[in-house]
file my_file_28.csv (CSV, C-alpha atoms)
chain,number,residue,atom,x,y,z
A,79,MET,CA,-0.8,-16.2,6.2
A,80,ALA,CA,-3.7,-15.1,4.1
A,81,VAL,CA,-7.2,-15.5,5.5
A,82,ALA,CA,-10.7,-15.8,4.2
A,83,TYR,CA,-12.9,-12.9,3.2
A,84,PRO,CA,-15.4,-11.1,3.0
A,85,GLN,CA,-16.2,-12.1,6.7
A,86,PHE,CA,-12.6,-11.0,7.3
A,87,PHE,CA,-13.6,-7.3,8.0
A,88,GLY,CA,-16.3,-8.2,10.5
A,89,THR,CA,-19.1,-5.7,11.0
A,90,LYS,CA,-17.7,-3.0,8.7
A,91,ASN,CA,-19.7,-1.8,5.7
A,92,VAL,CA,-18.9,-4.6,3.2
A,93,ASP,CA,-20.5,-4.8,-0.3
A,94,THR,CA,-20.5,-8.4,-1.5
A,95,SER,CA,-22.9,-7.9,-4.4
A,96,LEU,CA,-20.1,-8.6,-6.8
A,97,MET,CA,-19.2,-11.9,-5.2
A,98,VAL,CA,-20.4,-15.5,-5.9
A,99,SER,CA,-21.8,-17.4,-3.0
A,100,PRO,CA,-19.8,-20.5,-2.1
A,101,SER,CA,-23.0,-22.5,-2.3
A,102,SER,CA,-23.9,-21.1,-5.7
A,103,SER,CA,-24.1,-23.5,-8.6
A,104,VAL,CA,-22.2,-21.0,-10.7
A,105,SER,CA,-18.6,-22.0,-11.0
A,106,PRO,CA,-16.2,-19.1,-10.3
A,107,VAL,CA,-13.8,-18.1,-13.0
A,108,ILE,CA,-10.2,-19.0,-12.1
A,109,LEU,CA,-8.0,-15.9,-12.5
A,110,SER,CA,-4.3,-15.4,-12.1
A,111,GLN,CA,-3.0,-13.2,-9.3
A,112,ASP,CA,-2.2,-10.4,-11.8
A,113,GLU,CA,-5.7,-10.7,-13.2
A,114,LEU,CA,-7.2,-10.4,-9.7
A,115,LYS,CA,-5.1,-7.2,-9.2
A,116,LYS,CA,-6.5,-5.8,-12.4
A,117,VAL,CA,-10.0,-6.5,-11.4
A,118,ALA,CA,-9.5,-4.7,-8.1
A,119,ALA,CA,-7.8,-1.8,-9.8
A,120,TYR,CA,-10.4,-1.3,-12.4
A,121,LYS,CA,-13.2,-1.4,-9.7
A,122,ALA,CA,-11.3,1.4,-7.8
A,123,VAL,CA,-11.1,3.6,-10.9
A,124,GLU,CA,-14.9,3.6,-11.0
A,125,PHE,CA,-14.7,6.0,-8.1
A,126,VAL,CA,-12.7,8.6,-10.1
A,127,GLU,CA,-14.7,11.5,-11.4
A,128,SER,CA,-13.8,14.2,-13.9
A,129,GLY,CA,-12.1,17.2,-12.3
A,130,MET,CA,-10.5,15.3,-9.5
A,131,ILE,CA,-7.0,15.5,-8.1
A,132,VAL,CA,-6.0,11.8,-7.9
A,133,GLY,CA,-3.1,10.2,-6.0
A,134,LEU,CA,-1.5,7.7,-8.3
A,135,GLY,CA,-0.1,4.7,-6.3
A,136,THR,CA,3.0,2.6,-7.0
A,137,GLY,CA,3.4,-1.1,-7.5
A,138,SER,CA,2.0,-3.9,-9.6
A,139,THR,CA,-1.6,-3.4,-8.6
A,140,ALA,CA,-1.6,0.4,-8.7
A,141,LYS,CA,0.0,0.2,-12.2
A,142,HIS,CA,-3.3,-1.2,-13.6
A,143,ALA,CA,-5.3,1.7,-12.1
A,144,VAL,CA,-3.0,4.2,-13.7
A,145,ASP,CA,-3.3,2.5,-17.0
A,146,LYS,CA,-7.1,2.5,-16.7
A,147,ILE,CA,-7.3,6.2,-15.8
A,148,ALA,CA,-5.2,7.0,-18.8
A,149,GLU,CA,-7.5,4.9,-21.0
A,150,LEU,CA,-10.6,6.8,-19.7
A,151,LEU,CA,-8.9,10.1,-20.2
A,152,HIS,CA,-8.0,9.4,-23.8
A,153,SER,CA,-11.5,8.1,-24.5
A,154,GLY,CA,-13.1,11.3,-23.1
A,155,LYS,CA,-14.9,9.4,-20.3
A,156,LEU,CA,-12.8,11.3,-17.8
A,157,LYS,CA,-11.8,14.9,-18.2
A,158,ASN,CA,-9.6,17.4,-16.3
A,159,ILE,CA,-7.9,14.8,-14.1
A,160,VAL,CA,-4.6,15.8,-12.4
A,161,GLY,CA,-2.5,13.1,-11.0
A,162,ILE,CA,-0.1,13.2,-8.0
A,163,PRO,CA,2.4,10.4,-8.4
A,164,THR,CA,3.8,8.6,-5.4
A,165,SER,CA,7.2,7.6,-6.9
A,166,LYS,CA,9.5,8.3,-9.8
A,167,ILE,CA,8.4,5.1,-11.5
A,168,THR,CA,4.7,6.1,-11.4
A,169,HIS,CA,5.7,9.6,-12.6
A,170,GLU,CA,7.4,8.0,-15.6
A,171,GLN,CA,4.4,5.7,-16.3
A,172,ALA,CA,1.9,8.6,-16.0
A,173,VAL,CA,4.0,10.9,-18.3
A,174,SER,CA,4.3,8.1,-20.9
A,175,LEU,CA,0.5,7.7,-20.8
A,176,GLY,CA,-0.2,11.4,-21.1
A,177,ILE,CA,-1.8,11.9,-17.7
A,178,PRO,CA,-1.4,15.6,-16.5
A,179,LEU,CA,0.6,15.7,-13.3
A,180,SER,CA,1.3,18.0,-10.4
A,181,ASP,CA,2.4,17.8,-6.7
A,182,LEU,CA,1.4,18.4,-3.2
A,183,ASN,CA,2.9,21.9,-3.2
A,184,LYS,CA,0.2,23.0,-5.7
A,185,HIS,CA,-2.5,20.6,-4.6
A,186,PRO,CA,-2.2,20.1,-0.8
A,187,ILE,CA,-5.6,18.4,-0.7
A,188,VAL,CA,-6.1,15.3,-2.9
A,189,ASP,CA,-9.6,14.2,-3.8
A,190,LEU,CA,-8.9,10.5,-4.0
A,191,ALA,CA,-5.9,8.1,-4.0
A,192,ILE,CA,-5.7,4.6,-5.3
A,193,ASP,CA,-2.9,2.3,-4.2
A,194,GLY,CA,-2.1,-1.3,-3.4
A,195,ALA,CA,-0.9,-2.8,-0.1
A,196,ASP,CA,1.4,-5.6,1.0
A,197,GLU,CA,-0.8,-6.5,4.0
A,198,VAL,CA,-4.3,-5.6,5.2
A,199,ASP,CA,-5.5,-6.5,8.6
A,200,PRO,CA,-9.1,-6.8,9.8
A,201,GLN,CA,-9.1,-3.2,11.0
A,202,MET,CA,-8.0,-2.0,7.5
A,203,ASN,CA,-4.5,-1.1,8.7
A,204,LEU,CA,-1.8,-1.7,6.1
A,205,VAL,CA,1.8,-2.6,5.4
A,206,LYS,CA,3.1,-0.8,2.3
A,207,GLY,CA,6.5,-0.1,0.9
A,208,ARG,CA,7.9,-3.4,-0.1
A,209,GLY,CA,8.3,-1.7,-3.5
A,210,GLY,CA,10.4,1.0,-1.8
A,211,SER,CA,8.0,4.0,-2.2
A,212,LEU,CA,6.5,4.2,1.3
A,213,LEU,CA,7.5,7.8,2.2
A,214,ARG,CA,6.0,9.4,-0.9
A,215,GLU,CA,3.0,7.1,-0.8
A,216,LYS,CA,2.3,8.1,2.8
A,217,MET,CA,2.7,11.8,2.1
A,218,VAL,CA,0.2,11.7,-0.7
A,219,GLU,CA,-2.3,9.3,0.9
A,220,ALA,CA,-2.3,11.2,4.2
A,221,ALA,CA,-3.4,14.3,2.2
A,222,THR,CA,-6.4,12.6,0.4
A,223,LYS,CA,-10.0,12.8,1.3
A,224,LYS,CA,-10.6,9.2,0.2
A,225,PHE,CA,-7.9,6.5,0.1
A,226,ILE,CA,-8.9,3.3,-1.8
A,227,VAL,CA,-6.7,0.3,-1.2
A,228,ILE,CA,-6.7,-2.4,-3.9
A,229,VAL,CA,-5.5,-5.9,-3.2
A,230,ASP,CA,-6.0,-9.6,-4.1
A,231,GLU,CA,-7.0,-11.9,-1.3
A,232,SER,CA,-3.5,-13.1,-0.6
A,233,LYS,CA,-2.7,-9.8,1.1
A,234,LEU,CA,-5.2,-10.3,3.9
A,235,VAL,CA,-3.5,-11.1,7.3
A,236,ASN,CA,-4.7,-11.6,10.8
A,237,TYR,CA,-2.3,-9.0,12.2
A,238,ILE,CA,0.3,-6.6,10.7
A,239,GLY,CA,3.4,-8.6,10.1
A,240,GLY,CA,1.4,-11.7,9.9
A,241,SER,CA,2.6,-12.7,6.4
A,242,GLY,CA,6.1,-13.2,7.7
A,243,LEU,CA,7.3,-10.8,5.0
A,244,ALA,CA,8.9,-7.4,5.4
A,245,MET,CA,7.6,-4.4,7.2
A,246,PRO,CA,9.9,-1.7,5.7
A,247,VAL,CA,11.4,1.3,7.6
A,248,GLU,CA,13.0,4.1,5.6
A,249,ILE,CA,16.1,5.4,7.3
A,250,VAL,CA,19.0,7.8,6.6
A,251,PRO,CA,22.1,6.1,5.3
A,252,PHE,CA,24.3,7.5,8.2
A,253,CYS,CA,25.3,4.7,10.6
A,254,TRP,CA,22.5,2.4,9.3
A,255,GLU,CA,23.8,-0.6,11.2
A,256,PHE,CA,23.3,1.3,14.5
A,257,THR,CA,19.7,2.2,13.5
A,258,LEU,CA,19.0,-1.4,12.4
A,259,LYS,CA,20.1,-2.8,15.8
A,260,ARG,CA,17.9,-0.2,17.6
A,261,LEU,CA,14.9,-1.2,15.5
A,262,GLU,CA,15.4,-4.8,16.4
A,263,MET,CA,15.7,-4.0,20.1
A,264,LEU,CA,12.3,-2.2,20.0
A,265,PHE,CA,10.6,-5.5,19.1
A,266,ILE,CA,12.8,-8.1,20.7
A,267,GLU,CA,9.8,-9.8,22.3
A,268,ALA,CA,8.2,-10.2,18.8
A,269,GLY,CA,11.3,-12.0,17.5
A,270,CYS,CA,12.1,-9.1,15.2
A,271,VAL,CA,15.0,-9.5,12.7
A,272,GLY,CA,16.1,-6.5,10.6
A,273,LYS,CA,17.8,-6.7,7.2
A,274,LEU,CA,19.2,-3.9,5.0
A,275,ARG,CA,17.5,-4.0,1.7
A,276,THR,CA,19.9,-4.4,-1.2
A,277,ALA,CA,19.5,-3.3,-4.8
A,278,GLY,CA,19.7,-6.8,-6.2
A,279,GLY,CA,17.5,-8.4,-3.6
A,280,SER,CA,18.9,-10.9,-1.1
A,281,GLY,CA,21.8,-11.7,-3.3
A,282,GLY,CA,22.8,-8.0,-3.9
A,283,GLU,CA,25.6,-6.2,-2.2
A,284,GLU,CA,24.8,-2.5,-2.8
A,285,PRO,CA,22.1,-0.9,-0.6
A,286,TYR,CA,18.8,-0.2,-2.2
A,287,VAL,CA,18.4,3.6,-2.4
A,288,THR,CA,14.9,5.1,-2.3
A,289,ASP,CA,13.7,8.0,-4.5
A,290,ASN,CA,14.6,10.2,-1.5
A,291,GLY,CA,18.2,9.0,-1.3
A,292,ASN,CA,17.6,6.9,1.8
A,293,TYR,CA,18.0,3.2,2.8
A,294,ILE,CA,15.4,0.7,3.8
A,295,ILE,CA,15.5,-1.7,6.7
A,296,ASP,CA,13.1,-4.6,6.3
A,297,LEU,CA,11.8,-5.9,9.7
A,298,TYR,CA,10.5,-9.5,10.0
A,299,PHE,CA,8.4,-10.5,12.9
A,300,LYS,CA,7.8,-14.0,14.4
A,301,LYS,CA,5.0,-12.7,16.6
A,302,ASP,CA,2.4,-9.9,16.7
A,303,MET,CA,4.2,-6.6,17.5
A,304,GLY,CA,1.3,-5.4,19.7
A,305,ASP,CA,-0.4,-2.1,19.6
A,306,LEU,CA,0.3,-0.5,16.2
A,307,LYS,CA,0.1,3.1,17.3
A,308,ASP,CA,2.6,2.4,20.1
A,309,ALA,CA,4.9,0.6,17.7
A,310,SER,CA,4.6,3.5,15.2
A,311,ASP,CA,5.5,6.1,17.9
A,312,ALA,CA,8.5,4.0,19.1
A,313,ILE,CA,9.9,3.7,15.6
A,314,LEU,CA,9.4,7.3,14.7
A,315,ARG,CA,11.1,8.4,17.9
A,316,LEU,CA,14.4,6.8,16.8
A,317,ALA,CA,16.9,9.4,15.4
A,318,GLY,CA,17.8,8.2,11.9
A,319,VAL,CA,14.3,6.9,11.1
A,320,VAL,CA,12.5,8.8,8.3
A,321,GLU,CA,9.2,6.8,8.0
A,322,HIS,CA,7.8,3.3,8.4
A,323,GLY,CA,5.5,1.2,6.2
A,324,MET,CA,2.6,0.9,8.6
A,325,PHE,CA,-0.4,2.8,7.3
A,326,ILE,CA,-2.6,3.0,10.4
A,327,ASP,CA,-6.2,4.2,10.2
A,328,MET,CA,-5.6,5.7,6.7
A,329,ALA,CA,-7.6,3.5,4.3
A,330,THR,CA,-11.2,4.6,3.8
A,331,THR,CA,-12.1,1.8,1.4
A,332,VAL,CA,-10.5,-1.7,0.7
A,333,ILE,CA,-11.3,-3.5,-2.5
A,334,VAL,CA,-10.4,-7.2,-2.5
A,335,ALA,CA,-10.5,-9.4,-5.5
A,336,GLY,CA,-10.5,-13.1,-5.0
A,337,LYS,CA,-11.7,-16.4,-6.4
A,338,LEU,CA,-15.3,-15.6,-5.4
A,339,GLY,CA,-15.3,-12.2,-6.9
A,340,VAL,CA,-14.8,-8.6,-5.5
A,341,SER,CA,-15.7,-7.2,-2.1
A,342,ILE,CA,-15.7,-3.5,-1.2
A,343,THR,CA,-15.3,-2.6,2.4
A,344,ASN,CA,-15.8,1.0,3.6
A,345,LYS,CA,-14.6,2.4,7.0
A,346,LEU,CA,-17.6,3.1,9.2

call {"tool": "encode", "arguments": {"input": "my_file_28.csv", "output": "structure tokens"}}
result
Amino acid sequence: MAVAYPQFFGTKNVDTSLMVSPSSSVSPVILSQDELKKVAAYKAVEFVESGMIVGLGTGSTAKHAVDKIAELLHSGKLKNIVGIPTSKITHEQAVSLGIPLSDLNKHPIVDLAIDGADEVDPQMNLVKGRGGSLLREKMVEAATKKFIVIVDESKLVNYIGGSGLAMPVEIVPFCWEFTLKRLEMLFIEAGCVGKLRTAGGSGGEEPYVTDNGNYIIDLYFKKDMGDLKDASDAILRLAGVVEHGMFIDMATTVIVAGKLGVSITNKL
């Protein structure tokens, strides 16, 4: 369930100068969800400077950021940008837009990464990977000096898993049913149910295959899973697990666009 902001992030460094006060006589402009995503993405791109190595995120929100970076490159407002894509689809988008690309082998330290999220909790922890790119996203965003997360207000949750939607886990295909059952058992007290992601969604039959040739198990929780670091460690200890979609203590800035405007929260 989404919750109110900007008070959502508590005492963290929150810039609300771009927001309209609820008591203001100024009527907020009603924007669609995609328009809100674009507002957040464009605000994040303002942090990009010429000469940077930039992690290019994946998903419907990050796509707007990649488009904007390309626009600024072509206009000459940004120069000497090198992008590190987090998925094949982002790689294809960036190539089509003429953004110079490289990888972590050549640039092991990334100046800034911009990406969306599926959930953001009050501690700025995230769920990512419902688009299927969680492993490459985590590799790039763990290597960045500044990780800017861009979301619309519907992505704010009281606790990780609180939306009732999937928390993805990337696994090797070998004996995937065995791994699924072990994942469910880890969180039996939280009412966890795991499902193999299929290529055609819930009605598909063939397993969804990630850019890395792996499968994804989507975990659904009825209750809070508890301490996230303990949960992370437990998941990663299971043989057959490659990575999970919890991004714990990784975001340095969260930009939220909503009906009252844009808030920017920085980790203290």

call {"tool": "residues_around", "arguments": {"input": "my_file_28.csv", "residues": "Ala329 (chain A)", "least_positions_apart": "5", "cutoff": "7 Å", "atoms": "only C-alpha atoms", "output": "list in words"}}
result
Met202, Phe225, Ile226 and Val227 of chain A

call {"tool": "atom_distance", "arguments": {"input": "my_file_28.csv", "atom1": "CA of Gly242 (chain A)", "atom2": "CA of Asp289 (chain A)"}}
result
25.6 Å

call {"tool": "atom_distance", "arguments": {"input": "my_file_28.csv", "atom1": "CA of Asp196 (chain A)", "atom2": "CA of Met263 (chain A)"}}
result
23.9 Å

call {"tool": "closest_residue", "arguments": {"input": "my_file_28.csv", "among": "A:Leu182, A:Cys253, A:Leu274, A:Ala118", "to": "Gly336 (chain A)", "atoms": "all atoms listed in the file"}}
result
A:Ala118

call {"tool": "closest_residue", "arguments": {"input": "my_file_28.csv", "among": "A:Ile238, A:Asp308, A:Ala277, A:Pro251", "to": "Leu264 (chain A)", "atoms": "all atoms listed in the file"}}
result
A:Asp308

call {"tool": "decode", "arguments": {"input": "my_file_28.csv", "residues": "region 286-297 of chain A", "atoms": "all heavy atoms", "output": "mmCIF file, in the first residue's frame"}}
result
data_model
loop_
_atom_site.group_PDB
_atom_site.id
_atom_site.type_symbol
_atom_site.label_atom_id
_atom_site.label_comp_id
_atom_site.auth_asym_id
_atom_site.auth_seq_id
_atom_site.Cartn_x
_atom_site.Cartn_y
_atom_site.Cartn_z
ATOM 1 N N TYR A 286 10.366 -17.308 -17.767
ATOM 2 C CA TYR A 286 11.056 -16.083 -18.154
ATOM 3 C C TYR A 286 12.552 -16.300 -17.948
ATOM 4 O O TYR A 286 12.979 -16.818 -16.912
ATOM 5 C CB TYR A 286 10.568 -14.920 -17.296
ATOM 6 C CG TYR A 286 11.333 -13.631 -17.491
ATOM 7 C CD1 TYR A 286 10.970 -12.727 -18.480
ATOM 8 C CD2 TYR A 286 12.432 -13.323 -16.680
ATOM 9 C CE1 TYR A 286 11.670 -11.541 -18.669
ATOM 10 C CE2 TYR A 286 13.140 -12.145 -16.861
ATOM 11 C CZ TYR A 286 12.759 -11.265 -17.858
ATOM 12 O OH TYR A 286 13.459 -10.102 -18.040
ATOM 13 N N VAL A 287 13.361 -15.916 -18.927
ATOM 14 C CA VAL A 287 14.811 -16.084 -18.843
ATOM 15 C C VAL A 287 15.463 -14.709 -18.810
ATOM 16 O O VAL A 287 15.202 -13.866 -19.668
ATOM 17 C CB VAL A 287 15.349 -16.908 -20.036
ATOM 18 C CG1 VAL A 287 16.870 -17.042 -19.948
ATOM 19 C CG2 VAL A 287 14.699 -18.285 -20.069
ATOM 20 N N THR A 288 16.300 -14.467 -17.818
ATOM 21 C CA THR A 288 16.964 -13.171 -17.664
ATOM 22 C C THR A 288 18.072 -12.999 -18.707
ATOM 23 O O THR A 288 18.427 -13.936 -19.425
ATOM 24 C CB THR A 288 17.587 -13.042 -16.269
ATOM 25 O OG1 THR A 288 18.722 -13.921 -16.176
ATOM 26 C CG2 THR A 288 16.579 -13.382 -15.177
ATOM 27 N N ASP A 289 18.636 -11.803 -18.742
ATOM 28 C CA ASP A 289 19.760 -11.529 -19.639
ATOM 29 C C ASP A 289 20.946 -12.447 -19.348
ATOM 30 O O ASP A 289 21.822 -12.622 -20.191
ATOM 31 C CB ASP A 289 20.223 -10.075 -19.486
ATOM 32 C CG ASP A 289 19.254 -9.082 -20.113
ATOM 33 O OD1 ASP A 289 18.348 -9.510 -20.856
ATOM 34 O OD2 ASP A 289 19.414 -7.875 -19.865
ATOM 35 N N ASN A 290 20.967 -13.017 -18.156
ATOM 36 C CA ASN A 290 22.079 -13.866 -17.732
ATOM 37 C C ASN A 290 21.782 -15.353 -17.882
ATOM 38 O O ASN A 290 22.568 -16.189 -17.444
ATOM 39 C CB ASN A 290 22.419 -13.554 -16.270
ATOM 40 C CG ASN A 290 22.413 -12.070 -16.001
ATOM 41 O OD1 ASN A 290 23.211 -11.334 -16.559
ATOM 42 N ND2 ASN A 290 21.478 -11.609 -15.177
ATOM 43 N N GLY A 291 20.626 -15.674 -18.502
ATOM 44 C CA GLY A 291 20.263 -17.066 -18.718
ATOM 45 C C GLY A 291 19.662 -17.761 -17.514
ATOM 46 O O GLY A 291 19.592 -18.997 -17.468
ATOM 47 N N ASN A 292 19.199 -16.986 -16.538
ATOM 48 C CA ASN A 292 18.641 -17.545 -15.315
ATOM 49 C C ASN A 292 17.119 -17.409 -15.263
ATOM 50 O O ASN A 292 16.511 -16.764 -16.109
ATOM 51 C CB ASN A 292 19.256 -16.847 -14.098
ATOM 52 C CG ASN A 292 20.747 -17.077 -13.999
ATOM 53 O OD1 ASN A 292 21.225 -18.201 -14.174
ATOM 54 N ND2 ASN A 292 21.501 -16.028 -13.719
ATOM 55 N N TYR A 293 16.515 -18.023 -14.228
ATOM 56 C CA TYR A 293 15.082 -17.898 -13.971
ATOM 57 C C TYR A 293 14.871 -16.901 -12.832
ATOM 58 O O TYR A 293 15.815 -16.527 -12.116
ATOM 59 C CB TYR A 293 14.483 -19.250 -13.563
ATOM 60 C CG TYR A 293 14.396 -20.282 -14.654
ATOM 61 C CD1 TYR A 293 13.957 -21.582 -14.358
ATOM 62 C CD2 TYR A 293 14.734 -20.008 -15.984
ATOM 63 C CE1 TYR A 293 13.855 -22.556 -15.351
ATOM 64 C CE2 TYR A 293 14.647 -20.964 -16.974
ATOM 65 C CZ TYR A 293 14.218 -22.238 -16.648
ATOM 66 O OH TYR A 293 14.127 -23.200 -17.629
ATOM 67 N N ILE A 294 13.608 -16.491 -12.654
ATOM 68 C CA ILE A 294 13.242 -15.622 -11.537
ATOM 69 C C ILE A 294 12.088 -16.246 -10.759
ATOM 70 O O ILE A 294 11.083 -16.667 -11.343
ATOM 71 C CB ILE A 294 12.843 -14.209 -12.016
ATOM 72 C CG1 ILE A 294 14.092 -13.442 -12.476
ATOM 73 C CG2 ILE A 294 12.135 -13.429 -10.900
ATOM 74 C CD1 ILE A 294 13.818 -12.039 -12.949
ATOM 75 N N ILE A 295 12.273 -16.326 -9.446
ATOM 76 C CA ILE A 295 11.188 -16.694 -8.540
ATOM 77 C C ILE A 295 10.659 -15.413 -7.917
ATOM 78 O O ILE A 295 11.415 -14.639 -7.313
ATOM 79 C CB ILE A 295 11.670 -17.644 -7.421
ATOM 80 C CG1 ILE A 295 12.226 -18.941 -8.002
ATOM 81 C CG2 ILE A 295 10.530 -17.921 -6.429
ATOM 82 C CD1 ILE A 295 11.228 -19.777 -8.765
ATOM 83 N N ASP A 296 9.381 -15.144 -8.059
ATOM 84 C CA ASP A 296 8.745 -13.982 -7.445
ATOM 85 C C ASP A 296 8.169 -14.399 -6.096
ATOM 86 O O ASP A 296 7.350 -15.323 -6.018
ATOM 87 C CB ASP A 296 7.644 -13.432 -8.346
ATOM 88 C CG ASP A 296 8.201 -12.704 -9.559
ATOM 89 O OD1 ASP A 296 9.212 -11.993 -9.409
ATOM 90 O OD2 ASP A 296 7.630 -12.848 -10.660
ATOM 91 N N LEU A 297 8.615 -13.717 -5.040
ATOM 92 C CA LEU A 297 8.135 -14.002 -3.694
ATOM 93 C C LEU A 297 7.087 -12.971 -3.296
ATOM 94 O O LEU A 297 7.283 -11.765 -3.484
ATOM 95 C CB LEU A 297 9.290 -13.968 -2.688
ATOM 96 C CG LEU A 297 10.428 -14.968 -2.910
ATOM 97 C CD1 LEU A 297 11.476 -14.821 -1.802
ATOM 98 C CD2 LEU A 297 9.913 -16.399 -2.971
#
